[in-house]
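Colleague: The structure under discussion is supplied below as structure tokens; questions concerning it will follow.
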Amino acid sequence: MVDVIFFNDQEEFRDWLEENAEASELWVGYFRKSTGRASLTWSASVDVALCFGWIDGIRKTIDQQSYKIRFTPRKITSVWSAVNVKKVKTLIQLGKMKPAGMHLFNNRTDAQGYSAEQRNVPLAKAYEQQIKANQSAWTFLTNLA
């Protein structure tokens, strides 16, 4: 079984990443809020991971009180979500980014992010014609924007 580390706060996670910069993965454990136990939050862990050029991935249940998420170093070719790009811009302003995180962010090859996040993707002409043929469908689609 893969070792899971439970961190109480961002500082502990940051210390681990500084000491284990060459690691290939880490499973971070989280206690559910209902347990009342101190635990790093998922959002806070992503903030720290981004600073070091790491990213969250697979999430698995451990038991009724806890779960784990796998963190790995980002690849230079990985896709950046709009949420993570925004987070990194904030982390840069706060002076929290580390060299590895800055290198990956500044040299990312995919500036567009995930296709599901793109709002103004043009509709193919063939589909547009089909939808326009049904007035209620066309009205519905144009009202989504």
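Naming scheme: A, B, ... for chains in displayed order of the structure tokens; residues 1 onward per chain; ligands 1 onward as shown.
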Give me the residues near segment 55-62 of chain A as a ChimeraX atom specification, where near means some atom within 10 Å (using only C-alpha atoms) and where sequence neighbours in that chain fewer than 3 positions away do not count.
Modeller: /A:4,25-31,42,45-52,65-75,78,80,84
Colleague: Can you write out the residues you just picked, keeping C-alpha atoms, as a PDB file, in the first residue's frame?
Modeller:
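Output contents, as saved in result-v5.pdb:
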ATOM      1  CA  VAL A   4      -0.463   8.471   2.898  1.00  0.00           C
ATOM      2  CA  GLU A  25       4.392  11.307  -6.183  1.00  0.00           C
ATOM      3  CA  LEU A  26       2.722  11.872  -2.841  1.00  0.00           C
ATOM      4  CA  TRP A  27      -0.626  10.734  -1.470  1.00  0.00           C
ATOM      5  CA  VAL A  28      -2.012  13.445   0.801  1.00  0.00           C
ATOM      6  CA  GLY A  29      -4.615  12.375   3.352  1.00  0.00           C
ATOM      7  CA  TYR A  30      -7.561  14.530   4.406  1.00  0.00           C
ATOM      8  CA  PHE A  31      -9.954  14.110   7.302  1.00  0.00           C
ATOM      9  CA  TRP A  42      -7.914  20.321  -0.602  1.00  0.00           C
ATOM     10  CA  SER A  45      -3.060  21.861  -0.666  1.00  0.00           C
ATOM     11  CA  VAL A  46      -3.499  22.760  -4.347  1.00  0.00           C
ATOM     12  CA  ASP A  47      -2.234  26.289  -3.633  1.00  0.00           C
ATOM     13  CA  VAL A  48       0.938  24.910  -2.051  1.00  0.00           C
ATOM     14  CA  ALA A  49       1.423  22.271  -4.750  1.00  0.00           C
ATOM     15  CA  LEU A  50       1.159  24.850  -7.538  1.00  0.00           C
ATOM     16  CA  CYS A  51       3.939  26.881  -5.920  1.00  0.00           C
ATOM     17  CA  PHE A  52       6.289  23.921  -6.322  1.00  0.00           C
ATOM     18  CA  GLN A  65     -13.489   9.533   8.036  1.00  0.00           C
ATOM     19  CA  SER A  66     -10.835  10.253   5.427  1.00  0.00           C
ATOM     20  CA  TYR A  67      -9.786  10.270   1.798  1.00  0.00           C
ATOM     21  CA  LYS A  68      -6.550  10.748  -0.136  1.00  0.00           C
ATOM     22  CA  ILE A  69      -5.464  12.631  -3.231  1.00  0.00           C
ATOM     23  CA  ARG A  70      -2.412  11.849  -5.334  1.00  0.00           C
ATOM     24  CA  PHE A  71      -0.056  14.735  -6.082  1.00  0.00           C
ATOM     25  CA  THR A  72       2.663  14.573  -8.739  1.00  0.00           C
ATOM     26  CA  PRO A  73       5.094  17.004 -10.328  1.00  0.00           C
ATOM     27  CA  ARG A  74       3.506  18.726 -13.316  1.00  0.00           C
ATOM     28  CA  LYS A  75       4.769  18.039 -16.814  1.00  0.00           C
ATOM     29  CA  SER A  78       0.200  19.513 -18.946  1.00  0.00           C
ATOM     30  CA  TRP A  80      -3.672  24.271 -16.961  1.00  0.00           C
ATOM     31  CA  ASN A  84      -5.237  27.072 -11.498  1.00  0.00           C
TER      32      ASN A  84
END
Colleague: Residues of segment 19-125 of chain A classed as strand (DSSP E) by DSSP on the backbone are to be reported as a ChimeraX atom specification.
Modeller: /A:26-31,54-63,66-73
Colleague: Select, from A:Lys87, A:Leu144, A:Gly36, A:Ala124, the residue with the minimum atom-to-atom distance to Gly101 of chain A, counting only C-alpha atoms.
Modeller: A:Lys87
Colleague: Give me the residues within 8 Å of Gln10 of chain A as a list in words, counting only C-alpha atoms and dropping any in the same chain fewer than 3 places off.
Modeller: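 Contacts, with the query itself left out: Phe7, Phe13, Arg14, Leu40, Ala44, Ser45 and Val48 of chain A.
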Colleague: Between atom CA of Ala100 of chain A and atom CA of Ala82 of chain A, what is the distance, to one decimal in Å?
Modeller: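 Atom-to-atom, atom CA of Ala100 of chain A and atom CA of Ala82 of chain A are spaced 19.7 Å apart.
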Colleague: Expressed in Å to a single decimal, how great is the separation between atom CA of Ser43 of chain A and atom CA of Thr90 of chain A?
Modeller: 13.7 Å
Colleague: If you run DSSP on the backbone, which residues of segment 26-108 of chain A are helix (DSSP H, G or I), as a CSV table (one decimal) with C-alpha atoms, in the first residue's frame?
Modeller:
chain,number,residue,atom,x,y,z
A,33,LYS,CA,-15.0,18.0,8.2
A,34,SER,CA,-17.4,15.9,10.2
A,35,THR,CA,-14.5,14.2,12.1
A,42,TRP,CA,-7.9,20.3,-0.6
A,43,SER,CA,-7.9,23.9,-1.9
A,44,ALA,CA,-5.1,24.9,0.4
A,45,SER,CA,-3.1,21.9,-0.7
A,46,VAL,CA,-3.5,22.8,-4.3
A,47,ASP,CA,-2.2,26.3,-3.6
A,48,VAL,CA,0.9,24.9,-2.1
A,49,ALA,CA,1.4,22.3,-4.8
A,50,LEU,CA,1.2,24.8,-7.5
A,51,CYS,CA,3.9,26.9,-5.9
A,82,ALA,CA,-8.5,28.5,-15.7
A,83,VAL,CA,-8.9,28.1,-12.0
A,84,ASN,CA,-5.2,27.1,-11.5
A,85,VAL,CA,-4.0,29.8,-13.8
A,86,LYS,CA,-5.9,32.3,-11.7
A,87,LYS,CA,-4.5,30.8,-8.5
A,88,VAL,CA,-0.9,31.0,-9.7
A,89,LYS,CA,-1.3,34.7,-10.7
A,90,THR,CA,-2.5,35.4,-7.1
A,91,LEU,CA,0.4,33.3,-5.7
A,92,ILE,CA,2.8,35.3,-7.8
A,93,GLN,CA,1.5,38.5,-6.4
A,99,PRO,CA,11.4,28.5,-9.0
A,100,ALA,CA,10.1,25.1,-10.2
A,101,GLY,CA,6.5,26.3,-10.1
A,102,MET,CA,7.4,29.5,-11.9
A,103,HIS,CA,9.3,27.6,-14.6
A,104,LEU,CA,6.4,25.4,-15.4
A,105,PHE,CA,3.9,28.2,-15.4
A,106,ASN,CA,6.0,30.5,-17.5
Colleague: Go through A:Ser24, A:Gln64, A:Asn134, A:Asn8 one by one, measure the shortest atom-to-atom distance of each to Ser39 of chain A using only C-alpha atoms, and give the residue with the smallest value.
Modeller: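 Result for the nearest residue to Ser39 of chain A: A:Asn8.
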Colleague: How far is it from atom CA of Glu19 of chain A to atom CA of Phe6 of chain A, in Å with one decimal?
Modeller: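 Separation between atom CA of Glu19 of chain A and atom CA of Phe6 of chain A: 16.0 Å.
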